[in-house]
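Shown here: work13.txt, compact mmCIF, C-alpha atoms.
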```txt
# COMPACT_ATOMS: atom_id res chain seq x y z
CA MET M 1 0.00 0.00 0.00
CA LYS M 2 1.30 3.45 -0.92
CA GLN M 3 2.47 5.56 2.03
CA LYS M 4 0.43 8.74 2.50
CA THR M 5 2.24 12.06 2.36
CA THR M 6 1.76 14.88 4.87
CA ALA M 7 -0.22 16.79 2.24
CA GLU M 8 -2.58 13.85 1.79
CA ILE M 9 -3.01 13.48 5.55
CA ALA M 10 -3.68 17.22 5.90
CA ALA M 11 -6.43 16.99 3.27
CA GLU M 12 -8.23 14.38 5.37
CA LEU M 13 -8.05 16.33 8.62
CA PRO M 14 -10.57 18.98 9.67
CA GLU M 15 -9.82 22.59 8.67
CA SER M 16 -9.03 23.46 12.28
CA ALA M 17 -6.04 21.10 12.34
CA ALA M 18 -2.59 22.63 11.84
CA VAL M 19 -0.10 20.58 9.83
CA ILE M 20 3.57 21.53 9.78
CA SER M 21 6.12 19.68 7.71
CA ALA M 22 9.82 20.43 7.27
CA GLY M 23 10.96 17.30 5.49
CA GLU M 24 10.04 13.76 4.63
CA ASP M 25 7.92 11.88 7.16
CA ASN M 26 9.01 8.62 8.66
CA SER M 27 6.94 5.61 7.74
CA GLY M 28 5.01 5.46 11.03
CA PHE M 29 3.95 9.11 11.02
CA ALA M 30 1.25 8.74 8.38
CA ASN M 31 -0.16 5.59 9.99
CA LEU M 32 -0.32 7.29 13.37
CA ALA M 33 -1.95 10.37 11.85
CA THR M 34 -4.66 8.13 10.37
CA SER M 35 -5.21 6.34 13.69
CA LEU M 36 -5.36 9.62 15.58
CA ALA M 37 -7.84 11.07 13.11
CA GLU M 38 -10.11 8.11 14.00
CA ILE M 39 -9.47 8.50 17.73
CA ARG M 40 -10.25 12.20 17.41
CA LYS M 41 -13.84 11.30 16.49
CA LEU M 42 -14.39 9.42 19.76
CA LYS M 43 -16.72 10.92 22.33
CA GLY M 44 -14.79 12.90 24.92
CA VAL M 45 -11.60 13.29 22.88
CA SER M 46 -10.84 16.98 22.51
CA GLY M 47 -7.79 16.72 20.29
CA PHE M 48 -4.28 15.49 19.70
CA ILE M 49 -0.74 16.55 18.95
CA LEU M 50 1.47 14.30 16.84
CA ARG M 51 5.11 15.22 16.43
CA SER M 52 8.10 13.76 14.70
CA ASP M 53 11.52 15.32 14.07
CA THR M 54 10.31 16.80 10.80
CA SER M 55 6.52 17.15 11.03
CA ALA M 56 3.73 17.98 13.43
CA ILE M 57 -0.04 17.82 13.40
CA VAL M 58 -2.03 19.76 15.98
CA ASP M 59 -5.76 19.16 16.06
CA LEU M 60 -7.41 20.64 19.14
CA THR M 61 -11.00 21.77 19.62
CA GLU M 62 -10.05 24.74 21.74
CA GLN M 63 -7.66 26.76 19.60
CA ASP M 64 -6.71 29.11 22.44
CA THR M 65 -5.17 26.24 24.42
CA ILE M 66 -2.80 25.09 21.66
CA ILE M 67 0.34 26.70 23.10
CA GLU M 68 -0.38 25.63 26.69
CA TYR M 69 -1.18 22.07 25.63
CA ALA M 70 1.91 21.90 23.39
CA ILE M 71 4.19 23.03 26.24
CA LEU M 72 2.48 20.64 28.67
CA SER M 73 2.82 17.65 26.35
CA SER M 74 6.48 18.43 25.75
CA GLN M 75 7.11 18.78 29.50
CA ILE M 76 5.31 15.49 30.25
CA SER M 77 7.39 13.73 27.65
CA GLU M 78 10.70 15.12 28.95
CA SER M 79 10.02 14.80 32.69
CA SER M 80 8.43 11.36 32.54
CA ARG M 81 11.51 10.03 30.72
CA GLU M 82 13.70 11.39 33.53
CA MET M 83 11.43 9.93 36.24
CA ALA M 84 11.40 6.54 34.54
CA LYS M 85 15.19 6.64 34.20
CA GLN M 86 15.57 7.30 37.93
CA PHE M 87 13.62 4.15 38.77
CA SER M 88 15.15 2.01 36.00
CA MET M 89 11.83 1.69 34.19
CA ALA M 90 12.54 0.41 30.71
CA ASP M 91 10.42 1.00 27.59
CA ILE M 92 7.77 3.52 28.57
CA GLU M 93 4.48 2.51 27.04
CA SER M 94 2.32 5.42 28.08
CA VAL M 95 2.08 8.38 30.42
CA LEU M 96 -1.30 9.53 31.66
CA VAL M 97 -1.73 12.85 33.46
CA GLU M 98 -5.16 13.55 34.89
CA GLY M 99 -6.11 17.09 35.78
CA LYS M 100 -9.30 18.34 37.35
CA SER M 101 -11.16 18.51 34.06
CA VAL M 102 -8.97 17.04 31.35
CA LYS M 103 -6.60 14.11 31.03
CA VAL M 104 -3.65 13.79 28.69
CA LEU M 105 -2.30 10.55 27.32
CA CYS M 106 1.26 10.74 26.03
CA MET M 107 2.98 7.99 24.10
CA SER M 108 6.11 7.58 22.01
CA VAL M 109 6.00 5.31 19.00
CA GLY M 110 9.42 5.16 17.38
CA GLU M 111 10.52 8.74 16.86
CA ASN M 112 6.92 9.98 16.90
CA ARG M 113 5.42 11.54 20.00
CA ILE M 114 1.71 11.56 20.59
CA SER M 115 -0.45 13.49 23.07
CA VAL M 116 -4.18 12.89 23.17
CA PHE M 117 -6.33 15.30 25.19
CA MET M 118 -9.66 14.05 26.44
CA GLU M 119 -12.36 14.42 29.06
CA LYS M 120 -11.75 12.46 32.24
CA THR M 121 -14.62 10.12 31.41
CA ALA M 122 -13.08 9.02 28.10
CA THR M 123 -11.57 5.52 27.98
CA HIS M 124 -7.84 5.99 27.54
CA ALA M 125 -7.06 2.24 27.76
CA TRP M 126 -8.78 1.68 24.42
CA ILE M 127 -6.84 4.54 22.86
CA ILE M 128 -3.53 3.00 24.02
CA LYS M 129 -4.52 -0.29 22.41
CA ARG M 130 -5.58 1.43 19.20
CA ILE M 131 -2.30 3.32 18.90
CA LEU M 132 -0.21 0.24 19.62
CA LEU M 133 -2.09 -1.84 17.03
CA MET F 1 14.67 10.40 65.06
CA THR F 2 13.85 12.58 62.06
CA GLU F 3 10.45 13.97 61.30
CA ALA F 4 10.12 11.51 58.43
CA GLN F 5 10.72 8.55 60.74
CA SER F 6 8.25 9.54 63.40
CA ASN F 7 5.08 10.46 61.53
CA PRO F 8 2.18 8.13 60.79
CA LEU F 9 2.68 8.58 57.06
CA GLN F 10 6.10 6.97 57.39
CA THR F 11 4.45 4.00 59.11
CA ILE F 12 2.06 3.59 56.20
CA ILE F 13 4.89 3.86 53.69
CA ASP F 14 6.85 1.21 55.62
CA GLU F 15 3.80 -1.08 55.46
CA PHE F 16 3.52 -0.79 51.68
CA LYS F 17 6.13 -3.49 51.17
CA ASN F 18 4.19 -5.90 53.41
CA LEU F 19 0.78 -5.15 51.96
CA CYS F 20 1.93 -5.11 48.37
CA PRO F 21 5.35 -6.76 47.95
CA GLU F 22 5.47 -5.71 44.29
CA THR F 23 5.91 -2.10 45.39
CA THR F 24 9.57 -1.20 45.06
CA ASN F 25 9.44 2.46 46.07
CA ALA F 26 6.93 4.69 47.77
CA LEU F 27 7.12 8.25 49.00
CA ILE F 28 4.92 11.07 50.14
CA PHE F 29 5.87 14.66 49.44
CA LYS F 30 4.25 18.03 49.88
CA GLY F 31 3.24 20.46 47.16
CA ASN F 32 6.24 22.63 48.10
CA GLY F 33 8.63 19.75 47.38
CA GLN F 34 9.28 18.69 50.98
CA THR F 35 9.56 14.92 51.48
CA VAL F 36 7.34 13.71 54.32
CA ALA F 37 7.93 9.96 54.16
CA ASN F 38 9.72 7.50 51.90
CA THR F 39 10.86 3.92 51.67
CA GLN F 40 14.46 3.04 52.44
CA ALA F 41 14.88 1.79 48.88
CA THR F 42 14.33 5.31 47.55
CA ASN F 43 17.61 7.20 47.64
CA PRO F 44 17.73 10.99 48.11
CA ASP F 45 18.75 11.58 44.50
CA GLN F 46 15.78 9.62 43.17
CA THR F 47 13.47 11.47 45.54
CA ARG F 48 14.83 14.87 44.56
CA LYS F 49 14.64 14.24 40.83
CA LEU F 50 11.17 12.71 41.05
CA ILE F 51 9.86 15.76 42.90
CA LEU F 52 11.61 18.14 40.49
CA CYS F 53 10.26 16.39 37.41
CA PHE F 54 6.78 16.20 38.86
CA GLY F 55 6.98 19.90 39.76
CA SER F 56 7.94 20.72 36.18
CA ILE F 57 4.85 18.94 34.89
CA ALA F 58 2.58 20.38 37.58
CA SER F 59 3.73 23.92 36.79
CA GLN F 60 2.62 23.50 33.17
CA ALA F 61 -0.60 21.65 34.01
CA ILE F 62 -2.69 24.68 35.01
CA SER F 63 -4.47 24.44 31.66
CA ILE F 64 -5.89 21.03 32.64
CA GLY F 65 -6.70 22.03 36.22
CA GLY F 66 -3.50 20.86 37.91
CA VAL F 67 -2.32 17.28 38.32
CA GLU F 68 -4.56 14.87 40.22
CA THR F 69 -2.81 11.69 39.09
CA LEU F 70 0.17 10.83 36.94
CA THR F 71 0.82 7.30 35.73
CA ILE F 72 3.84 6.10 33.78
CA GLN F 73 3.47 2.60 32.44
CA ALA F 74 6.63 0.86 31.30
CA ALA F 75 7.10 -2.68 30.03
CA ASP F 76 7.23 -4.31 33.48
CA SER F 77 6.75 -1.53 35.98
CA GLN F 78 4.61 1.50 36.65
CA LEU F 79 5.02 4.78 38.48
CA ASN F 80 1.97 6.42 39.96
CA ILE F 81 1.63 9.80 41.64
CA THR F 82 -1.68 10.68 43.31
CA ALA F 83 -2.60 14.04 44.81
CA VAL F 84 -4.12 13.94 48.30
CA ASP F 85 -4.92 17.44 49.55
CA ASN F 86 -1.56 19.22 49.59
CA PHE F 87 0.37 15.94 49.61
CA TYR F 88 1.42 13.64 46.78
CA LEU F 89 1.84 9.89 47.07
CA ALA F 90 4.27 8.33 44.61
CA THR F 91 4.62 4.58 44.15
CA VAL F 92 6.74 2.48 41.85
CA SER F 93 5.53 -1.06 41.45
CA SER F 94 5.56 -4.03 39.16
CA ARG F 95 2.71 -4.15 36.66
CA SER F 96 1.90 -7.57 38.04
CA ALA F 97 0.98 -6.00 41.41
CA ASN F 98 -2.56 -6.66 42.59
CA GLN F 99 -4.35 -3.56 41.30
CA GLU F 100 -7.15 -3.89 43.86
CA ILE F 101 -4.67 -3.71 46.74
CA MET F 102 -2.81 -0.85 45.06
CA LYS F 103 -6.10 1.02 44.59
CA SER F 104 -7.09 0.45 48.22
CA LEU F 105 -3.72 1.72 49.41
CA THR F 106 -3.36 4.72 47.13
CA GLN F 107 -6.98 5.82 46.95
CA VAL F 108 -8.36 4.87 50.38
CA VAL F 109 -5.77 4.11 53.06
CA VAL F 110 -3.18 6.80 52.34
CA PRO F 111 -5.72 9.58 51.62
CA THR F 112 -7.47 8.78 54.91
CA VAL F 113 -4.24 8.84 56.92
CA VAL F 114 -3.08 12.00 55.12
CA LYS F 115 -6.34 13.76 55.98
CA LEU F 116 -6.06 12.70 59.64
CA PHE F 117 -2.39 13.69 59.70
CA ASP F 118 -3.24 17.08 58.19
CA GLN F 119 -6.02 17.62 60.75
CA THR F 120 -3.65 16.69 63.60
CA LEU F 121 -1.14 19.25 62.35
CA SER F 122 -3.77 21.95 62.17
CA VAL F 123 -5.15 21.34 65.71
CA PRO F 124 -4.26 24.37 67.84
CA LYS F 125 -1.62 23.74 70.50
CA GLU F 126 -3.94 24.97 73.33
CA THR F 127 -5.48 21.49 73.44
CA LYS F 128 -2.22 19.97 74.70
CA PRO F 129 -2.42 21.08 78.38
CA GLU F 130 -5.75 19.23 78.62
CA LEU F 131 -3.97 16.01 77.82
CA ILE F 132 -1.28 16.70 80.43
CA LEU F 133 -3.92 17.37 83.11
CA HIS F 134 -5.57 14.11 82.26
CA GLU F 135 -2.28 12.29 82.62
CA GLU F 136 -1.67 13.96 85.98
CA ALA F 137 -5.11 12.92 87.21
CA GLY F 138 -4.38 9.38 86.18
CA SER F 139 -1.17 9.36 88.19
CA GLU F 140 -3.14 9.66 91.44
CA GLU F 141 -4.40 6.13 91.06
CA PRO F 142 -2.77 3.58 93.43
CA VAL F 143 0.35 2.25 91.86
CA LEU F 144 1.82 -1.15 92.71
CA PRO F 145 5.37 -1.02 93.97
CA ALA F 146 7.70 -1.61 91.11
CA GLN F 147 9.54 -4.91 91.10
CA GLU F 148 13.14 -4.29 91.95
CA ASP F 149 15.55 -5.26 89.24
CA PRO F 150 18.86 -6.76 90.23
CA ALA F 151 21.38 -3.97 90.46
CA ILE F 152 23.55 -3.80 87.38
CA ASP F 153 26.21 -1.18 87.11
CA SER F 154 25.65 0.25 83.71
CA ILE F 155 28.30 2.22 81.90
CA PRO F 156 26.94 5.70 81.33
CA GLU F 157 26.63 6.41 77.64
CA PRO F 158 28.38 9.53 76.42
CA GLN F 159 25.79 12.23 75.94
CA PRO F 160 25.84 13.94 72.56
CA PRO F 161 26.50 17.67 72.74
CA TYR F 162 23.33 19.72 72.98
CA GLU F 163 22.15 20.98 69.64
CA PRO F 164 19.14 23.23 69.23
CA CYS F 165 16.36 21.39 67.39
CA LEU F 166 15.82 23.32 64.16
CA PRO F 167 12.88 22.66 61.85
CA LYS F 168 13.55 20.62 58.72
CA THR F 169 14.96 22.87 55.98
CA PRO F 170 12.16 23.73 53.55
CA ILE F 171 12.83 23.21 49.86
CA ASN F 172 10.97 25.53 47.53
CA GLN F 173 10.58 25.38 43.81
CA PHE F 174 10.88 28.58 41.80
CA MET F 175 10.63 29.60 38.20
CA VAL F 176 13.73 31.35 36.92
CA GLU F 177 13.71 34.96 35.73
CA LYS F 178 16.83 36.70 34.48
CA ILE F 179 17.86 39.90 36.20
CA GLY F 180 20.37 42.45 34.95
CA GLY F 181 21.36 46.08 35.16
CA LEU F 182 23.95 48.32 36.74
CA LEU F 183 22.55 48.13 40.25
CA VAL F 184 22.22 44.36 40.26
CA GLN F 185 24.80 42.46 42.28
CA ALA F 186 26.19 39.54 40.28
CA ASP F 187 26.41 37.26 43.31
CA THR F 188 22.92 37.83 44.71
CA VAL F 189 19.61 36.34 43.65
CA ARG F 190 16.19 37.78 44.45
CA ILE F 191 13.44 35.56 45.81
CA ASP F 192 9.67 35.86 46.26
CA GLY F 193 9.33 37.98 49.44
CA ASP F 194 6.53 35.83 50.89
CA VAL F 195 8.76 32.75 50.83
CA VAL F 196 11.61 34.66 52.52
CA ALA F 197 9.16 35.82 55.20
CA SER F 198 7.98 32.24 55.76
CA TRP F 199 11.61 31.09 56.23
CA SER F 200 12.22 33.86 58.74
CA GLU F 201 9.06 32.89 60.62
CA LEU F 202 9.97 29.20 60.56
CA TYR F 203 13.37 29.85 62.11
CA GLY F 204 12.11 32.35 64.67
CA GLY F 205 13.58 35.44 63.04
CA LYS F 206 17.02 33.84 62.60
CA GLN F 207 19.12 35.75 60.07
CA ILE F 208 19.30 33.84 56.78
CA THR F 209 21.67 35.31 54.22
CA MET F 210 22.49 32.47 51.85
CA VAL F 211 20.49 30.02 49.77
CA HIS F 212 21.36 26.75 48.11
CA ILE F 213 20.05 26.55 44.52
CA GLU F 214 19.82 23.40 42.45
CA ALA F 215 18.86 23.18 38.80
CA LEU F 216 16.89 20.34 37.25
CA ASP F 217 20.00 18.64 35.93
CA GLY F 218 21.71 18.68 39.32
CA LYS F 219 23.97 21.76 38.92
CA LYS F 220 24.21 23.46 42.31
CA THR F 221 25.41 26.71 43.81
CA THR F 222 25.17 28.62 47.06
CA CYS F 223 24.80 32.39 46.96
CA LYS F 224 23.44 35.43 48.74
CA PHE F 225 19.81 36.44 48.33
CA LYS F 226 17.44 39.35 48.76
CA PRO F 227 13.64 39.31 48.86
CA ILE F 228 11.75 40.75 45.90
CA LYS F 229 10.23 43.83 47.48
CA GLU F 230 7.67 44.72 44.84
CA ALA F 231 4.27 43.48 45.89
CA LYS F 232 3.49 42.27 42.41
CA SER F 233 1.44 39.14 41.96
CA ASN F 234 3.83 38.00 39.22
CA SER F 235 6.71 37.71 41.70
CA LYS F 236 5.00 34.68 43.28
CA GLY F 237 7.09 31.56 42.93
CA VAL F 238 9.80 33.47 41.08
CA ILE F 239 13.55 33.66 41.56
CA GLN F 240 15.46 36.43 39.76
CA ILE F 241 18.97 35.29 38.92
CA PRO F 242 21.86 37.33 37.48
CA GLU F 243 23.63 36.10 34.35
CA LYS F 244 26.73 34.82 36.19
CA ILE F 245 24.73 32.50 38.46
CA LEU F 246 22.55 31.38 35.54
CA GLN F 247 25.74 30.27 33.80
CA THR F 248 26.93 28.40 36.91
CA LEU F 249 23.61 26.57 37.12
CA GLN F 250 23.42 26.16 33.35
CA THR F 251 19.79 27.14 33.46
CA GLU F 252 17.71 29.86 31.84
CA LYS F 253 14.54 31.91 32.06
CA GLY F 254 11.40 29.82 32.49
CA LYS F 255 13.18 26.78 33.95
CA LEU F 256 12.56 25.49 37.45
CA VAL F 257 15.06 25.36 40.30
CA MET F 258 14.90 24.06 43.87
CA VAL F 259 15.95 26.51 46.56
CA LYS F 260 16.54 26.00 50.25
CA PRO F 261 17.83 28.42 52.86
CA VAL F 262 21.29 27.80 54.31
CA ILE F 263 20.83 27.45 58.07
CA GLU F 264 24.04 27.65 60.08
```

Spit out the file's structure as C-alpha cells when you get a sec.
Amino acid sequence: MKQKTTAEIAAELPESAAVISAGEDNSGFANLATSLAEIRKLKGVSGFILRSDTSAIVDLTEQDTIIEYAILSSQISESSREMAKQFSMADIESVLVEGKSVKVLCMSVGENRISVFMEKTATHAWIIKRILL
Amino acid sequence: MTEAQSNPLQTIIDEFKNLCPETTNALIFKGNGQTVANTQATNPDQTRKLILCFGSIASQAISIGGVETLTIQAADSQLNITAVDNFYLATVSSRSANQEIMKSLTQVVVPTVVKLFDQTLSVPKETKPELILHEEAGSEEPVLPAQEDPAIDSIPEPQPPYEPCLPKTPINQFMVEKIGGLLVQADTVRIDGDVVASWSELYGGKQITMVHIEALDGKKTTCKFKPIKEAKSNSKGVIQIPEKILQTLQTEKGKLVMVKPVIE
C-alpha cells in the first residue's frame, strides 16, 4: 500500500487542524496520523498533537489552548523520561496525566510523539490499544 | 529520630512493602517539594529528581486544572503519583501487582491517613495542656510497687552535645527569571518575598543570608539572596537570577530550580 504524504493526511483532517512539515515523514507518522484522526472522532476526545523530528499535526478543539497544551505535552514527555530513568523503568508505554477537568495521554512510537487530550470520562485504555495496534 | 521517621505517614509507607510486595518504592511529598515519608529503597537523588520532574509537569498543568494523578506505564513496571490534599503519594511497582490492593492503598488508606495527619497538624496547641492534666489525674491512682531489678552497674553512655532542634529545611521550587542592570549584584539572587518571610518565621527570626540553589540537571550553587520587594502578583514563585549564576547553574529563564535556605 502506498504511504500517505503529509499533504494527503492534511487533506483528510478537519480545517481546524494545523499541519507543519519540514521534510520527509518517517513511515510510522502517516499511519499514526490516520489512527489519531479516527481517535479524534471518539466521544470525549478533545484533540491530539502528533510530532516527529520533521513534522507535526495539531488538532485541538479549543484553539486558544494550543500553546499551553503543546508546552504541557512536551514537558510530560521530557520529565516522565527522567522519572522513569531514575527508577530504571525500561520501555515507557504510556504516560497519563489527569487534571481536574482534562486528562492527557502521552505515548512515544518510534521517533513519533503523541499526546491525546480528552475528558476524564473518556476511555484511555482503548486509545492505548488502538495506537499500539 | 527525624520527622520523616516519626510520623504516621512513614508508618504507612513502611507497610507498603508488606501489603503489596510488588511495590519497590513509595514516597509522600508536599506540594512545596518537601519529602514527608519514603521507603528506604528510595535514595535521596531519586526522591529529589522525582519531585523536580513532577513539579515541572505540575507547573505547566494549570491548563488542565493541575495534576490529580500521573501514571507512567513501562514494560514491566509503573510509576503512579496521586494528589491527596496538599500531599502527593508516589509509588513504583511491578505491573503484576494486585491492582485492587494498590487502589485500596493509594486511593483509600493513604488519603485517609493523610487527611487525619493534616487535621492533627492543624489542631491548635492549646489542646495539649488538657492532655497533660488528664495524665496527671491518672497518676493519682494507686500504683503497685515496682519490682526491683537486680542492680547492674551500667556504663553511662556519652551524651551527645546539645544541639538546638531546628525545623527541617524547607525546599521551595521557583521559576527562573533573568535579572540584569547596573545596580544588580552579580552574586545575589532575588526571591519571592513571601517565601523569605515564611523562612524567617519558621526559624524564629534567625538571620538567613544564603540560599542553596539546584537546577533540574543537578547543577548546584550557594549564593546570597534578597527578597523581591515589589508586591506584584507576578513575583510569586519566582527567583530572579543574574547572568553569572545562571551560567553556573546552566539554566535559563522559564526553567525550574529548587531553593533552600542555608541554616548555620

Could you work out which residues of chain M fall inside 10 Å of chain F? Count all atoms listed in the file, and format the result as a ChimeraX atom specification. /M:65,68-107,117,119

What's the separation between CA of Ser198 (chain F) and CA of Val238 (chain F), in Å to one decimal place?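 Those two atoms sit 14.8 Å apart.
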
Can you tell me how far CA of Ile66 (chain M) sits from CA of Gly33 (chain F), in Å to one decimal?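 Interatomic distance, CA of Ile66 (chain M) to CA of Gly33 (chain F): 28.6 Å.
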
Distance in Å - CA of Pro14 (chain M) versus CA of Asn112 (chain M):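 Atom-to-atom, CA of Pro14 (chain M) to CA of Asn112 (chain M), that is 21.0 Å.
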
Residue contacts of region 36-53 of chain M (6 Å, all atoms listed in the file) excluding same-chain residues fewer than 6 positions away, as a list of chain:residue names: M:Asp59, M:Leu60, M:Thr61, M:Glu111, M:Asn112, M:Arg113, M:Ile114, M:Ser115, M:Val116, M:Phe117, M:Met118, M:Glu119, M:Ala122

Selected residues written out with C-alpha atoms, as an mmCIF file, in the frame of the given file:
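result.cif, written as the output of this step:
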```cif
data_model
loop_
_atom_site.group_PDB
_atom_site.id
_atom_site.type_symbol
_atom_site.label_atom_id
_atom_site.label_comp_id
_atom_site.auth_asym_id
_atom_site.auth_seq_id
_atom_site.Cartn_x
_atom_site.Cartn_y
_atom_site.Cartn_z
ATOM 1 C CA ASP M 59 -5.760 19.160 16.060
ATOM 2 C CA LEU M 60 -7.410 20.640 19.140
ATOM 3 C CA THR M 61 -11.000 21.770 19.620
ATOM 4 C CA GLU M 111 10.520 8.740 16.860
ATOM 5 C CA ASN M 112 6.920 9.980 16.900
ATOM 6 C CA ARG M 113 5.420 11.540 20.000
ATOM 7 C CA ILE M 114 1.710 11.560 20.590
ATOM 8 C CA SER M 115 -0.450 13.490 23.070
ATOM 9 C CA VAL M 116 -4.180 12.890 23.170
ATOM 10 C CA PHE M 117 -6.330 15.300 25.190
ATOM 11 C CA MET M 118 -9.660 14.050 26.440
ATOM 12 C CA GLU M 119 -12.360 14.420 29.060
ATOM 13 C CA ALA M 122 -13.080 9.020 28.100
#
```

Show me, as a count of residues only, the residues that have an atom within 12 Å of Gln247 (chain F) when counting all atoms listed in the file, minus same-chain residues fewer than 3 positions from it. 15

Counting only C-alpha atoms, the residue of M:Ser35, M:Ala11, M:Ala18, M:Ser27 that sits nearest Lys129 (chain M):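 The shortest atom-to-atom distance to Lys129 (chain M) comes from M:Ser35.
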
Using only C-alpha atoms, which protein or nucleic acid residues come within 10 Å of Val196 (chain F)? Drop anything in the same chain fewer than 3 positions from it, and give the result as a PDB file with C-alpha atoms, in the frame of the given file.
```
ATOM      1  CA  ARG F 190      16.190  37.780  44.450  1.00  0.00           C
ATOM      2  CA  ILE F 191      13.440  35.560  45.810  1.00  0.00           C
ATOM      3  CA  ASP F 192       9.670  35.860  46.260  1.00  0.00           C
ATOM      4  CA  GLY F 193       9.330  37.980  49.440  1.00  0.00           C
ATOM      5  CA  TRP F 199      11.610  31.090  56.230  1.00  0.00           C
ATOM      6  CA  SER F 200      12.220  33.860  58.740  1.00  0.00           C
ATOM      7  CA  GLU F 201       9.060  32.890  60.620  1.00  0.00           C
ATOM      8  CA  LEU F 202       9.970  29.200  60.560  1.00  0.00           C
ATOM      9  CA  ILE F 208      19.300  33.840  56.780  1.00  0.00           C
ATOM     10  CA  PHE F 225      19.810  36.440  48.330  1.00  0.00           C
ATOM     11  CA  LYS F 226      17.440  39.350  48.760  1.00  0.00           C
ATOM     12  CA  PRO F 227      13.640  39.310  48.860  1.00  0.00           C
ATOM     13  CA  ILE F 228      11.750  40.750  45.900  1.00  0.00           C
ATOM     14  CA  PRO F 261      17.830  28.420  52.860  1.00  0.00           C
TER      15      PRO F 261
END
```

Emit region 183-189 of chain F of the structure in the block as a file comprising all heavy atoms, as an mmCIF file, in the first residue's frame.
```cif
data_model
loop_
_atom_site.group_PDB
_atom_site.id
_atom_site.type_symbol
_atom_site.label_atom_id
_atom_site.label_comp_id
_atom_site.auth_asym_id
_atom_site.auth_seq_id
_atom_site.Cartn_x
_atom_site.Cartn_y
_atom_site.Cartn_z
ATOM 1 N N LEU F 183 22.687 48.206 38.794
ATOM 2 C CA LEU F 183 22.554 48.126 40.251
ATOM 3 C C LEU F 183 22.385 46.686 40.759
ATOM 4 O O LEU F 183 22.207 46.459 41.945
ATOM 5 C CB LEU F 183 21.355 48.975 40.707
ATOM 6 C CG LEU F 183 21.472 50.460 40.392
ATOM 7 C CD1 LEU F 183 20.179 51.181 40.703
ATOM 8 C CD2 LEU F 183 22.623 51.083 41.176
ATOM 9 N N VAL F 184 22.430 45.756 39.852
ATOM 10 C CA VAL F 184 22.220 44.359 40.256
ATOM 11 C C VAL F 184 23.552 43.716 40.633
ATOM 12 O O VAL F 184 24.512 43.749 39.868
ATOM 13 C CB VAL F 184 21.532 43.568 39.123
ATOM 14 C CG1 VAL F 184 21.494 42.085 39.441
ATOM 15 C CG2 VAL F 184 20.133 44.085 38.892
ATOM 16 N N GLN F 185 23.584 43.134 41.833
ATOM 17 C CA GLN F 185 24.804 42.456 42.280
ATOM 18 C C GLN F 185 24.874 41.085 41.612
ATOM 19 O O GLN F 185 23.894 40.328 41.625
ATOM 20 C CB GLN F 185 24.785 42.299 43.796
ATOM 21 C CG GLN F 185 24.959 43.626 44.519
ATOM 22 C CD GLN F 185 24.652 43.483 45.999
ATOM 23 O OE1 GLN F 185 23.528 43.207 46.390
ATOM 24 N NE2 GLN F 185 25.674 43.654 46.811
ATOM 25 N N ALA F 186 26.044 40.776 41.060
ATOM 26 C CA ALA F 186 26.193 39.543 40.277
ATOM 27 C C ALA F 186 26.164 38.283 41.132
ATOM 28 O O ALA F 186 25.974 37.183 40.619
ATOM 29 C CB ALA F 186 27.493 39.597 39.498
ATOM 30 N N ASP F 187 26.346 38.441 42.448
ATOM 31 C CA ASP F 187 26.411 37.256 43.315
ATOM 32 C C ASP F 187 25.166 37.104 44.180
ATOM 33 O O ASP F 187 25.158 36.342 45.136
ATOM 34 C CB ASP F 187 27.658 37.339 44.209
ATOM 35 C CG ASP F 187 27.631 38.574 45.108
ATOM 36 O OD1 ASP F 187 26.794 39.477 44.840
ATOM 37 O OD2 ASP F 187 28.413 38.626 46.058
ATOM 38 N N THR F 188 24.121 37.847 43.859
ATOM 39 C CA THR F 188 22.922 37.830 44.705
ATOM 40 C C THR F 188 21.669 37.557 43.877
ATOM 41 O O THR F 188 21.468 38.197 42.842
ATOM 42 C CB THR F 188 22.773 39.193 45.434
ATOM 43 O OG1 THR F 188 23.989 39.459 46.124
ATOM 44 C CG2 THR F 188 21.621 39.166 46.425
ATOM 45 N N VAL F 189 20.877 36.602 44.342
ATOM 46 C CA VAL F 189 19.612 36.336 43.653
ATOM 47 C C VAL F 189 18.481 37.028 44.422
ATOM 48 O O VAL F 189 18.662 37.396 45.579
ATOM 49 C CB VAL F 189 19.309 34.812 43.551
ATOM 50 C CG1 VAL F 189 20.343 34.119 42.727
ATOM 51 C CG2 VAL F 189 19.169 34.170 44.917
#
```
